[in-house]
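Student: To be precise about what I am sending: the file is called data_13.txt and holds compact mmCIF, C-alpha atoms.
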# COMPACT_ATOMS: atom_id res chain seq x y z
CA MET A 1 -128.27 22.59 -71.73
CA THR A 2 -127.92 22.51 -67.94
CA ILE A 3 -126.72 19.43 -66.16
CA GLU A 4 -130.08 19.11 -64.40
CA ALA A 5 -131.86 19.04 -67.75
CA GLU A 6 -129.68 16.26 -69.03
CA ALA A 7 -129.81 14.23 -65.84
CA GLY A 8 -132.67 12.02 -66.94
CA LYS A 9 -130.90 10.57 -69.97
CA ASN A 10 -130.26 6.84 -70.14
CA SER A 11 -126.72 5.77 -69.36
CA SER A 12 -125.32 5.07 -72.80
CA PHE A 13 -121.89 4.41 -71.29
CA GLU A 14 -123.13 1.57 -69.09
CA ARG A 15 -125.17 0.03 -71.92
CA ARG A 16 -122.13 0.15 -74.20
CA GLU A 17 -119.81 -1.26 -71.53
CA LYS A 18 -122.21 -4.11 -70.80
CA ARG A 19 -122.53 -4.90 -74.50
CA ARG A 20 -118.74 -4.95 -74.88
CA SER A 21 -118.15 -7.13 -71.82
CA VAL A 22 -120.89 -9.61 -72.87
CA SER A 23 -119.38 -9.85 -76.39
CA TYR A 24 -115.97 -10.47 -74.86
CA ALA A 25 -117.31 -13.11 -72.46
CA ILE A 26 -119.12 -14.91 -75.31
CA ALA A 27 -115.94 -14.85 -77.41
CA CYS A 28 -113.93 -16.32 -74.49
CA ILE A 29 -116.46 -19.11 -73.92
CA GLY A 30 -116.63 -19.82 -77.68
CA TRP A 31 -112.85 -19.98 -77.91
CA ALA A 32 -112.57 -22.32 -74.89
CA LEU A 33 -115.27 -24.63 -76.30
CA LEU A 34 -113.71 -24.71 -79.77
CA LEU A 35 -110.25 -25.38 -78.33
CA THR A 36 -111.58 -28.23 -76.20
CA LEU A 37 -113.55 -29.69 -79.11
CA SER A 38 -110.63 -29.33 -81.50
CA ASN A 39 -108.20 -31.00 -79.06
CA TYR A 40 -110.67 -33.79 -78.32
CA LEU A 41 -111.30 -34.57 -81.99
CA LEU A 42 -107.61 -34.40 -82.94
CA ASP A 43 -106.30 -36.30 -79.90
CA ASN A 44 -108.78 -39.14 -80.41
CA ASP A 45 -108.25 -39.22 -84.17
CA LEU A 46 -111.96 -38.76 -84.84
CA VAL A 47 -111.64 -36.71 -88.04
CA SER A 48 -110.32 -37.34 -91.51
CA ASP A 49 -107.09 -35.69 -92.72
CA THR A 50 -109.12 -33.07 -94.62
CA TRP A 51 -110.42 -31.67 -91.31
CA THR A 52 -107.10 -31.66 -89.46
CA TRP A 53 -105.90 -28.22 -90.57
CA PRO A 54 -109.26 -26.46 -90.20
CA LEU A 55 -109.53 -27.87 -86.67
CA VAL A 56 -106.00 -26.76 -85.86
CA LEU A 57 -106.64 -23.25 -87.23
CA LEU A 58 -110.12 -22.71 -85.77
CA PRO A 59 -109.00 -21.98 -82.16
CA ILE A 60 -106.28 -19.65 -83.48
CA ILE A 61 -108.78 -17.64 -85.52
CA THR A 62 -111.21 -17.47 -82.59
CA ALA A 63 -108.36 -16.39 -80.31
CA LEU A 64 -107.89 -13.40 -82.63
CA LEU A 65 -111.58 -12.63 -82.22
CA VAL A 66 -111.16 -12.84 -78.42
CA TYR A 67 -108.33 -10.27 -78.62
CA TYR A 68 -110.47 -8.05 -80.84
CA PHE A 69 -113.41 -8.13 -78.43
CA TYR A 70 -111.12 -7.54 -75.44
CA TYR A 71 -109.55 -4.58 -77.24
CA ARG A 72 -113.00 -3.06 -77.90
CA PHE A 73 -113.96 -3.62 -74.27
CA TYR A 74 -110.67 -2.08 -73.07
CA ILE A 75 -110.94 0.98 -75.34
CA ASP A 76 -114.58 1.63 -74.49
CA THR A 77 -114.37 1.25 -70.73
CA ASP A 78 -113.72 4.37 -68.66
CA GLU A 79 -110.41 5.39 -67.11
CA MET A 80 -110.99 3.56 -63.83
CA GLY A 81 -111.95 0.42 -65.74
CA ARG A 82 -108.77 0.71 -67.77
CA GLN A 83 -106.71 1.16 -64.61
CA ILE A 84 -108.25 -2.03 -63.21
CA GLN A 85 -107.45 -3.87 -66.45
CA ASN A 86 -103.89 -2.49 -66.56
CA PHE A 87 -103.25 -3.59 -62.98
CA GLY A 88 -104.61 -7.08 -63.70
CA LEU A 89 -102.55 -7.44 -66.88
CA ILE A 90 -99.34 -6.22 -65.21
CA ILE A 91 -99.72 -8.53 -62.21
CA GLY A 92 -100.78 -11.44 -64.45
CA PHE A 93 -97.76 -10.93 -66.70
CA ALA A 94 -95.37 -10.51 -63.75
CA VAL A 95 -96.60 -13.61 -61.91
CA GLY A 96 -96.66 -15.65 -65.15
CA VAL A 97 -93.07 -14.68 -66.01
CA LEU A 98 -91.92 -15.28 -62.42
CA TYR A 99 -93.54 -18.74 -62.49
CA LEU A 100 -91.79 -19.49 -65.80
CA ILE A 101 -88.40 -18.30 -64.50
CA CYS A 102 -88.76 -20.29 -61.26
CA LEU A 103 -89.67 -23.51 -63.05
CA MET A 104 -86.94 -23.04 -65.67
CA SER A 105 -84.40 -22.66 -62.87
CA LEU A 106 -85.84 -25.58 -60.93
CA GLU A 107 -85.57 -27.75 -64.04
CA ASN A 108 -81.86 -28.07 -63.15
CA VAL A 109 -82.77 -29.95 -59.99
CA GLY A 110 -85.26 -32.27 -61.64
CA VAL A 111 -88.54 -30.35 -61.36
CA ALA A 112 -90.78 -30.89 -64.42
CA SER A 113 -90.53 -28.16 -67.08
CA PRO A 114 -93.48 -25.73 -67.24
CA SER A 115 -96.22 -26.39 -69.77
CA MET A 116 -97.83 -23.56 -71.75
CA ASN A 117 -101.21 -24.48 -70.26
CA ASN A 118 -99.87 -24.02 -66.72
CA ILE A 119 -98.28 -20.66 -67.55
CA PHE A 120 -101.54 -19.49 -69.15
CA ALA A 121 -103.55 -20.69 -66.15
CA VAL A 122 -101.20 -18.86 -63.76
CA PHE A 123 -101.58 -15.69 -65.83
CA VAL A 124 -105.39 -15.91 -65.92
CA VAL A 125 -105.70 -16.63 -62.19
CA SER A 126 -103.30 -13.84 -61.13
CA TYR A 127 -104.91 -11.40 -63.62
CA SER A 128 -108.37 -12.20 -62.20
CA LEU A 129 -107.23 -11.91 -58.58
CA ALA A 130 -105.42 -8.61 -59.17
CA SER A 131 -108.36 -7.07 -61.09
CA GLY A 132 -110.79 -8.35 -58.47
CA PHE A 133 -108.67 -6.82 -55.70
CA LEU A 134 -108.73 -3.40 -57.35
CA VAL A 135 -112.50 -3.59 -57.97
CA TRP A 136 -112.95 -4.47 -54.29
CA LYS A 137 -110.62 -1.63 -53.21
CA TYR A 138 -112.53 0.98 -55.25
CA LYS A 139 -115.88 -0.26 -54.00
CA GLN A 140 -114.94 0.06 -50.31
CA MET B 1 -107.01 13.49 -52.99
CA LYS B 2 -109.86 15.28 -51.23
CA ASN B 3 -112.80 16.57 -53.24
CA ILE B 4 -116.22 18.18 -52.92
CA LEU B 5 -117.85 16.23 -55.73
CA LYS B 6 -120.58 14.82 -53.49
CA VAL B 7 -121.48 18.31 -52.27
CA LEU B 8 -121.60 19.70 -55.81
CA ARG B 9 -123.69 16.77 -56.96
CA ALA B 10 -126.15 17.32 -54.11
CA GLN B 11 -126.32 21.06 -54.88
CA HIS B 12 -127.28 20.27 -58.47
CA ASP B 13 -129.65 17.51 -57.39
CA LEU B 14 -127.88 14.92 -59.48
CA SER B 15 -127.67 11.20 -58.85
CA GLN B 16 -124.37 9.38 -59.26
CA ALA B 17 -125.79 7.69 -62.36
CA ALA B 18 -126.84 11.02 -63.90
CA LEU B 19 -123.44 12.56 -63.26
CA ALA B 20 -121.73 9.46 -64.64
CA GLU B 21 -123.82 9.83 -67.80
CA GLN B 22 -122.80 13.46 -68.14
CA LEU B 23 -119.14 12.59 -67.81
CA ASP B 24 -119.33 9.39 -69.89
CA VAL B 25 -117.93 7.22 -67.11
CA SER B 26 -119.42 4.45 -64.97
CA ARG B 27 -121.39 5.12 -61.78
CA GLN B 28 -118.73 3.10 -59.93
CA THR B 29 -116.10 5.63 -61.04
CA ILE B 30 -118.13 8.53 -59.61
CA ASN B 31 -118.63 6.56 -56.39
CA ALA B 32 -114.90 5.80 -56.11
CA ILE B 33 -113.98 9.48 -56.70
CA GLU B 34 -116.48 10.67 -54.08
CA LYS B 35 -115.13 8.19 -51.57
CA GLU B 36 -111.61 9.38 -52.41
CA ARG B 37 -110.54 5.88 -53.37
CA TYR B 38 -109.78 6.85 -56.94
CA ASP B 39 -108.11 10.01 -58.25
CA PRO B 40 -109.47 11.06 -61.64
CA SER B 41 -107.18 11.85 -64.56
CA LEU B 42 -106.59 15.50 -65.46
CA PRO B 43 -108.98 15.37 -68.47
CA LEU B 44 -111.76 13.95 -66.27
CA ALA B 45 -111.07 16.48 -63.50
CA LEU B 46 -111.24 19.30 -66.07
CA LYS B 47 -114.48 17.89 -67.42
CA ILE B 48 -115.93 17.88 -63.89
CA GLY B 49 -114.77 21.46 -63.40
CA ARG B 50 -116.38 22.56 -66.66
CA LEU B 51 -119.61 20.78 -65.81
CA PHE B 52 -119.96 22.50 -62.43
CA ASN B 53 -118.44 25.73 -63.71
CA LYS B 54 -115.69 25.71 -61.09
CA PRO B 55 -111.90 25.59 -61.31
CA VAL B 56 -110.39 22.15 -60.73
CA GLU B 57 -108.44 23.29 -57.65
CA GLU B 58 -111.69 24.34 -56.02
CA ILE B 59 -113.14 20.85 -56.45
CA PHE B 60 -109.99 18.81 -55.77
CA SER B 61 -107.37 19.49 -53.14
CA GLU B 62 -104.37 17.66 -51.74
CA ASP B 63 -104.78 15.57 -48.57
Show me this structure written as C-alpha cells.
Tutor:
Amino acid sequence: MTIEAEAGKNSSFERREKRRSVSYAIACIGWALLLTLSNYLLDNDLVSDTWTWPLVLLPIITALLVYYFYYRFYIDTDEMGRQIQNFGLIIGFAVGVLYLICLMSLENVGVASPSMNNIFAVFVVSYSLASGFLVWKYKQ
Amino acid sequence: MKNILKVLRAQHDLSQAALAEQLDVSRQTINAIEKERYDPSLPLALKIGRLFNKPVEEIFSED
C-alpha cells in the first residue's frame, strides 16, 4: 500500500498515548487523594484499630498502580516522548539528590534535616520543569 | 542534523499527522524533526528512508 493511500487513517498512536497519559494522571490524582485521606484519618485518630493497617497499605498499593501506569505510558510513547521523560527523570533525580546532600551537610551547622516530603516535592518540581523545558525546546 | 523530510512530505502530499501515523510517532515528533530540533534514532531514520524509498543519507545530512 502506498503512503498516500494510508494517509487518511486515524492516528492510533495519538489515541493510545492520550489514553495512557489520562490513565496515569487519574492514577496520580487517586494516589494523592488516598494518601491525603489516609493521613488525615490516621493523624486525627478517626478510625478503629481494624482499619489502621488497610489505611496504611492503601497508598502503597496505589503507588504501585501509579508506577504501572507510568511504565505503560513511558513504553508506549514515541522516542522523542521518551527522551523528554528521560531528561526530566535525570534532572529530577540529580536535583533531588543534590538537595538531600546539601541539607545533610548543612545539618552540621544547625539547618533542619530534610523531610521525605520536601525531597519528593523537589524531585517532582525539577522533573516537571526539565520535561517542560524540553517540550518547549522541541516546539520552537 | 539537516534533513529534507518536509520536502519529501510535500512531494507525497502528506500531512504531518498522516506521516506520524505511518511512522507510529506523534505529530510533534515529525514537526521537531522537520524543524531540525530533534534528531531521530537510527531505527526511525531507517523507517523514514524505507517509507520514501530513499537511502537515509539522502534524507539526513550533517550540518
Student: Rank nothing, just name the residue among A:Ile101, A:Val22, A:Ser12, A:Leu33 nearest to chain B, using all atoms listed in the file.
Tutor: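 Distance minimum relative to chain B lands on A:Ser12.
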Student: When the cut-off is 6 Å and we count all atoms listed in the file, which residues of chain A are near chain B, given as a VMD selection string?
Tutor: chain A and resid 7 11 13 78 138
Student: Please, what distance in Å, to one decimal, runs between CA of Tyr71 (chain A) and CA of Asn86 (chain A)?
Tutor: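 That distance, rounded to one decimal, is 12.3 Å.
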Student: Just checking: using all atoms listed in the file, which residue out of A:Ala27, A:Asn39, A:Leu57, A:Glu79 ends up closest to Pro43 (chain B)?
Tutor: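 The closest residue to Pro43 (chain B) is A:Glu79.
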Student: Name all residues at most 12 Å from Leu100 (chain A) (count only C-alpha atoms; drop same-chain ones fewer than 2 positions away) and give them as a PDB file with C-alpha atoms, in the coordinates of the input.
Tutor:
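Result file result-v3.pdb:
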ATOM      1  CA  PHE A  93     -97.760 -10.930 -66.700  1.00  0.00           C
ATOM      2  CA  ALA A  94     -95.370 -10.510 -63.750  1.00  0.00           C
ATOM      3  CA  VAL A  95     -96.600 -13.610 -61.910  1.00  0.00           C
ATOM      4  CA  GLY A  96     -96.660 -15.650 -65.150  1.00  0.00           C
ATOM      5  CA  VAL A  97     -93.070 -14.680 -66.010  1.00  0.00           C
ATOM      6  CA  LEU A  98     -91.920 -15.280 -62.420  1.00  0.00           C
ATOM      7  CA  CYS A 102     -88.760 -20.290 -61.260  1.00  0.00           C
ATOM      8  CA  LEU A 103     -89.670 -23.510 -63.050  1.00  0.00           C
ATOM      9  CA  MET A 104     -86.940 -23.040 -65.670  1.00  0.00           C
ATOM     10  CA  SER A 105     -84.400 -22.660 -62.870  1.00  0.00           C
ATOM     11  CA  LEU A 106     -85.840 -25.580 -60.930  1.00  0.00           C
ATOM     12  CA  GLU A 107     -85.570 -27.750 -64.040  1.00  0.00           C
ATOM     13  CA  ALA A 112     -90.780 -30.890 -64.420  1.00  0.00           C
ATOM     14  CA  SER A 113     -90.530 -28.160 -67.080  1.00  0.00           C
ATOM     15  CA  PRO A 114     -93.480 -25.730 -67.240  1.00  0.00           C
ATOM     16  CA  SER A 115     -96.220 -26.390 -69.770  1.00  0.00           C
ATOM     17  CA  MET A 116     -97.830 -23.560 -71.750  1.00  0.00           C
ATOM     18  CA  ASN A 117    -101.210 -24.480 -70.260  1.00  0.00           C
ATOM     19  CA  ASN A 118     -99.870 -24.020 -66.720  1.00  0.00           C
ATOM     20  CA  ILE A 119     -98.280 -20.660 -67.550  1.00  0.00           C
ATOM     21  CA  PHE A 120    -101.540 -19.490 -69.150  1.00  0.00           C
ATOM     22  CA  ALA A 121    -103.550 -20.690 -66.150  1.00  0.00           C
ATOM     23  CA  VAL A 122    -101.200 -18.860 -63.760  1.00  0.00           C
ATOM     24  CA  PHE A 123    -101.580 -15.690 -65.830  1.00  0.00           C
TER      25      PHE A 123
END
Student: Can you pull out every residue within 10 Å of Pro55 (chain B), counting all atoms listed in the file, but drop anything in the same chain fewer than 5 positions away, and send it as a list in words?
Tutor: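 Close residues of Pro55 (chain B): Ala45, Leu46, Ile48, Gly49, Arg50 and Phe60 of chain B.
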Student: Rounded to one decimal in Å, what is the spacing between CA of Leu41 (chain A) and CA of Val56 (chain A)?
Tutor: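 Separating CA of Leu41 (chain A) from CA of Val56 (chain A) is a distance of 10.2 Å.
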Student: Which distance in Å separates CA of Ile90 (chain A) and CA of Ala130 (chain A), to one decimal?
Tutor: 8.9 Å
Student: Counting only C-alpha atoms, which of A:Val47, A:Leu55, A:Ala63, A:Val111 gets nearest to Ala32 (chain A)?
Tutor: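 Closest to Ala32 (chain A), using only C-alpha atoms: A:Ala63.
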Student: Can you take the partial region 4-20 of chain B, add N, CA and C atoms, and return it as a CSV table (one decimal), in the frame of the given file?
Tutor:
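Wrote result.csv, looks like this:
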chain,number,residue,atom,x,y,z
B,4,ILE,N,-114.9,17.8,-53.4
B,4,ILE,CA,-116.2,18.2,-52.9
B,4,ILE,C,-117.3,17.8,-54.0
B,5,LEU,N,-117.0,16.7,-54.7
B,5,LEU,CA,-117.8,16.2,-55.7
B,5,LEU,C,-119.2,15.9,-55.2
B,6,LYS,N,-119.3,15.2,-54.1
B,6,LYS,CA,-120.6,14.8,-53.5
B,6,LYS,C,-121.4,16.1,-53.2
B,7,VAL,N,-120.8,17.1,-52.6
B,7,VAL,CA,-121.5,18.3,-52.3
B,7,VAL,C,-122.0,19.0,-53.5
B,8,LEU,N,-121.2,19.1,-54.5
B,8,LEU,CA,-121.6,19.7,-55.8
B,8,LEU,C,-122.7,18.9,-56.5
B,9,ARG,N,-122.6,17.6,-56.4
B,9,ARG,CA,-123.7,16.8,-57.0
B,9,ARG,C,-125.0,17.0,-56.2
B,10,ALA,N,-124.9,17.1,-54.9
B,10,ALA,CA,-126.2,17.3,-54.1
B,10,ALA,C,-126.7,18.7,-54.4
B,11,GLN,N,-125.9,19.7,-54.6
B,11,GLN,CA,-126.3,21.1,-54.9
B,11,GLN,C,-127.1,21.1,-56.2
B,12,HIS,N,-126.6,20.3,-57.1
B,12,HIS,CA,-127.3,20.3,-58.5
B,12,HIS,C,-128.3,19.2,-58.6
B,13,ASP,N,-128.6,18.5,-57.4
B,13,ASP,CA,-129.6,17.5,-57.4
B,13,ASP,C,-129.4,16.4,-58.5
B,14,LEU,N,-128.2,15.9,-58.5
B,14,LEU,CA,-127.9,14.9,-59.5
B,14,LEU,C,-127.6,13.6,-58.8
B,15,SER,N,-128.0,12.5,-59.4
B,15,SER,CA,-127.7,11.2,-58.8
B,15,SER,C,-126.3,10.8,-59.4
B,16,GLN,N,-125.7,9.8,-58.8
B,16,GLN,CA,-124.4,9.4,-59.3
B,16,GLN,C,-124.5,8.9,-60.7
B,17,ALA,N,-125.6,8.2,-61.0
B,17,ALA,CA,-125.8,7.7,-62.4
B,17,ALA,C,-125.9,8.8,-63.4
B,18,ALA,N,-126.7,9.9,-63.0
B,18,ALA,CA,-126.8,11.0,-63.9
B,18,ALA,C,-125.5,11.7,-64.1
B,19,LEU,N,-124.7,11.9,-63.1
B,19,LEU,CA,-123.4,12.6,-63.3
B,19,LEU,C,-122.5,11.7,-64.1
B,20,ALA,N,-122.6,10.4,-63.9
B,20,ALA,CA,-121.7,9.5,-64.6
B,20,ALA,C,-122.1,9.6,-66.1
